[in-house]
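K.L.:
I have a structure here, written as structure tokens, and I will follow up with some questions on it.
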Amino acid sequence: MRLTLRQWQVFVSVADAGSTAAAGAQLQLSQSATSAALNELEGQLLAPLFDRIGRRLVLNATGRALLDPARALLVAARELEQQAGAGQSHAAGTLALQLRIGASTTIGNYLLPTRVASLLAANPQAQVDLRIGNSADVVAAVQRLEVDLGVIEGPCHESGLEVLPWQRDALVIVAAAASPLPDAVDVASLAAARWLLREPGSGTREAVEQALLPHLHHFGRAMQLGSTEAIKQAAAAGLGLACLSRHAVADLVALGSLRVLQTPLPPLARQLWVVRHPGKRVPAELAALLGLPASAFASG
């Protein structure tokens, strides 16, 4: 075989970074070495992989078709190295389990820590890399094969990924304990309130819009904040109402800083989802950590 893993690594890095200079910096290669590796790959394939637009390199149709298989190839190579290392560690009497999980903020901050703690209690030498971001960030990490699985709070809109329902998450509307609103509020009061919302791309933002807008029709006043924790603190300070996971607000409700409002709306809940790239093998320990059935992602 004339093609090398280094050439494919350069190709993927250039696709992500948009230039040979930026890709070279990621790979700790000079720009000339990066350009040479890319040129060699295109020459051996007898086809260009990028359109040259100014200083940027943009994937063409051939490059787009090869990007996912190239990512899968590099992941498979890394897993072979890890399995070889795990075999050596096992022979030495240790277990080198490595799990990489992408989770949107509420899941990563409030639902997964106890599960990860249970895994580490049973397997102290395991390594768990928990990457937390909004749902769009997690889906992008799954697409780039940077994590074994993603767990997100909103639906996945990207094609080519496998998606399974995980569990339901109850949502509650909260206000500051000192808010002048009564414990039971009507729809008109909700519509007139200032709402504290996550940024676009957040699963929480999408779930709140889907749950509330059919009844309120629009948010008359809104303040956008970049994290669930910021929304909780802003709500406790009296800046507005928030609709968040019951898990996320349990601490401030217990402390008396927030109170859950009763409304005439139907019970609010959202579906949480597990997302996998078809080219990524799901470790059995990760499936068990998430409580997934043995048949989940069986093709992986």
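Chain labels run A, B, ... following the order of the structure tokens; each chain numbers its residues from 1, and ligands are numbered from 1 in the order shown.
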I'd like a table as JSON lines: residues in stretch 246-294 of chain A with an atom no more than 9 Å from stretch 55-77 of chain A, each row giving the shortest atom pair and its distance in Å to one decimal, only C-alpha atoms counted, sorted by chain and rising residue number.
P.N.:
{"residue": "A:Pro278", "atom": "CA", "partner": "A:Ala72", "partner_atom": "CA", "distance": 9.0}
{"residue": "A:Gly279", "atom": "CA", "partner": "A:Ala72", "partner_atom": "CA", "distance": 5.5}
{"residue": "A:Lys280", "atom": "CA", "partner": "A:Ala72", "partner_atom": "CA", "distance": 7.1}
{"residue": "A:Arg281", "atom": "CA", "partner": "A:Ala76", "partner_atom": "CA", "distance": 8.9}
K.L.:
For A:Gly291, please output as a compact mmCIF listing (two decimals) with C-alpha atoms, in the first residue's frame all residues within 12 Å (counting only C-alpha atoms; exclusion window: fewer than 2 positions along the same chain).
P.N.:
# COMPACT_ATOMS: atom_id res chain seq x y z
CA LEU A 112 -23.31 11.72 34.35
CA ARG A 115 -22.54 7.25 36.81
CA VAL A 116 -18.86 7.96 36.14
CA LEU A 119 -17.63 3.16 37.09
CA PRO A 165 -33.57 7.77 22.79
CA TRP A 166 -31.88 7.67 26.19
CA GLN A 167 -34.20 8.89 28.96
CA VAL A 274 -27.47 9.13 22.56
CA ALA A 284 -19.31 -2.44 26.45
CA GLU A 285 -18.38 -0.53 29.63
CA LEU A 286 -19.70 2.71 28.11
CA ALA A 287 -22.98 1.10 27.11
CA ALA A 288 -23.32 -0.21 30.67
CA LEU A 289 -22.47 3.20 32.14
CA PRO A 293 -29.41 -2.39 26.22
CA ALA A 294 -26.95 -4.94 24.88
CA SER A 295 -28.55 -4.64 21.45
CA ALA A 296 -27.91 -0.88 21.21
K.L.:
Among stretch 49-223 of chain A, which residues does DSSP mark as alpha helix (DSSP H) when it is run on the backbone? Keep the chain and numbering as in the structure and answer as a ChimeraX atom specification.
P.N.:
/A:61-91,105-106,112-122,135-143,187-192,203-216
K.L.:
Show which residues sit within 12 Å of A:Ser13, as a count of residues only. Count only C-alpha atoms, and ignore same-chain residues fewer than 3 positions away.
P.N.:
30
K.L.:
One number please: atom CA of A:Ala177 to atom CA of A:Gln224, in Å, one decimal.
P.N.:
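These atoms are spaced 21.1 Å apart.
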K.L.:
Using only C-alpha atoms, which residues sit within 6 Å of stretch 247-263 of chain A once same-chain residues fewer than 2 positions away are excluded, as a list of chain:residue names?
P.N.:
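Counting only C-alpha atoms, the residues come to A:Ile173, A:Val174, A:Ala175, A:Ala176, A:Ala177, A:Asp183, A:Ala184, A:Val185, A:Ala236, A:Ser245, A:Leu265.
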K.L.:
I need the residues from that last selection saved to file as a PDB file, in the first residue's frame (with C-alpha atoms), if you can.
P.N.:
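Result file follows (out25.pdb):
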ATOM      1  CA  ILE A 173     -40.262  26.689  35.629  1.00  0.00           C
ATOM      2  CA  VAL A 174     -38.447  28.480  38.447  1.00  0.00           C
ATOM      3  CA  ALA A 175     -38.346  31.977  39.879  1.00  0.00           C
ATOM      4  CA  ALA A 176     -36.400  33.640  42.649  1.00  0.00           C
ATOM      5  CA  ALA A 177     -37.675  32.831  46.119  1.00  0.00           C
ATOM      6  CA  ASP A 183     -46.542  30.114  43.454  1.00  0.00           C
ATOM      7  CA  ALA A 184     -49.336  29.453  40.933  1.00  0.00           C
ATOM      8  CA  VAL A 185     -49.104  31.670  37.827  1.00  0.00           C
ATOM      9  CA  ALA A 236     -32.113  33.334  41.905  1.00  0.00           C
ATOM     10  CA  SER A 245     -34.141  20.416  34.111  1.00  0.00           C
ATOM     11  CA  LEU A 265     -49.329  24.184  31.227  1.00  0.00           C
TER      12      LEU A 265
END
K.L.:
Taking the chain letters and numbering used in this document, name the residues of stretch 35-196 of chain A that DSSP puts in strand (DSSP E), as a ChimeraX atom specification.
P.N.:
/A:50-53,56-59,98-104,127-133,149-152,162-176,194-196
K.L.:
Pull C-alpha atoms from the residues just selected and write them as a CSV table (one decimal), in the first residue's frame.
P.N.:
chain,number,residue,atom,x,y,z
A,50,PHE,CA,-9.7,20.5,-2.1
A,51,ASP,CA,-10.6,23.6,-4.0
A,52,ARG,CA,-8.0,26.3,-3.5
A,53,ILE,CA,-9.9,29.5,-2.6
A,56,ARG,CA,-8.1,28.5,2.2
A,57,LEU,CA,-8.5,24.9,1.2
A,58,VAL,CA,-12.2,23.9,0.9
A,59,LEU,CA,-13.2,20.2,0.5
A,98,GLN,CA,-10.3,4.5,28.2
A,99,LEU,CA,-13.7,6.1,27.6
A,100,ARG,CA,-14.4,9.4,25.8
A,101,ILE,CA,-17.9,10.8,26.2
A,102,GLY,CA,-19.4,14.0,24.8
A,103,ALA,CA,-22.3,15.4,26.8
A,104,SER,CA,-24.4,18.6,26.6
A,127,GLN,CA,-9.7,6.8,32.3
A,128,VAL,CA,-12.9,8.8,31.5
A,129,ASP,CA,-12.6,11.9,29.3
A,130,LEU,CA,-15.9,13.8,29.7
A,131,ARG,CA,-16.2,16.6,27.1
A,132,ILE,CA,-19.0,19.1,27.9
A,133,GLY,CA,-20.5,21.6,25.5
A,149,LEU,CA,-20.6,8.5,22.1
A,150,GLY,CA,-22.5,11.8,22.6
A,151,VAL,CA,-25.4,12.3,24.9
A,152,ILE,CA,-27.5,15.4,24.1
A,162,GLU,CA,-27.1,6.9,14.6
A,163,VAL,CA,-29.4,8.2,17.3
A,164,LEU,CA,-31.2,6.4,20.1
A,165,PRO,CA,-33.6,7.8,22.8
A,166,TRP,CA,-31.9,7.7,26.2
A,167,GLN,CA,-34.2,8.9,29.0
A,168,ARG,CA,-36.8,11.5,29.7
A,169,ASP,CA,-35.9,14.6,31.6
A,170,ALA,CA,-38.6,16.6,33.5
A,171,LEU,CA,-38.5,20.4,33.1
A,172,VAL,CA,-39.7,22.9,35.7
A,173,ILE,CA,-40.3,26.7,35.6
A,174,VAL,CA,-38.4,28.5,38.4
A,175,ALA,CA,-38.3,32.0,39.9
A,176,ALA,CA,-36.4,33.6,42.6
A,194,ARG,CA,-38.6,38.1,31.3
A,195,TRP,CA,-37.2,34.7,30.3
A,196,LEU,CA,-33.6,33.6,30.9
K.L.:
Using only C-alpha atoms, pick whichever of A:Leu225, A:Ala178, A:Leu41, A:Leu46 has the shortest atom-to-atom distance to A:Ala237.
P.N.:
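Selected residue with least distance to A:Ala237: A:Ala178.
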K.L.:
Of the residues A:Gln233, A:Asn123, A:Thr228, A:Asp186, which is the one nearest to A:Arg246, using only C-alpha atoms?
P.N.:
A:Thr228
K.L.:
Give me, please, the distance in Å between atom CA of A:Val12 and atom CA of A:Gly160, quoted to one decimal.
P.N.:
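Separating atom CA of A:Val12 from atom CA of A:Gly160 is a distance of 17.8 Å.
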K.L.:
Just checking: using only C-alpha atoms, which residue out of A:Ser227, A:Thr4, A:Ser179, A:Gln271 ends up closest to A:Ala211?
P.N.:
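Looking only at the distances to A:Ala211, the closest residue turns out to be A:Gln271.
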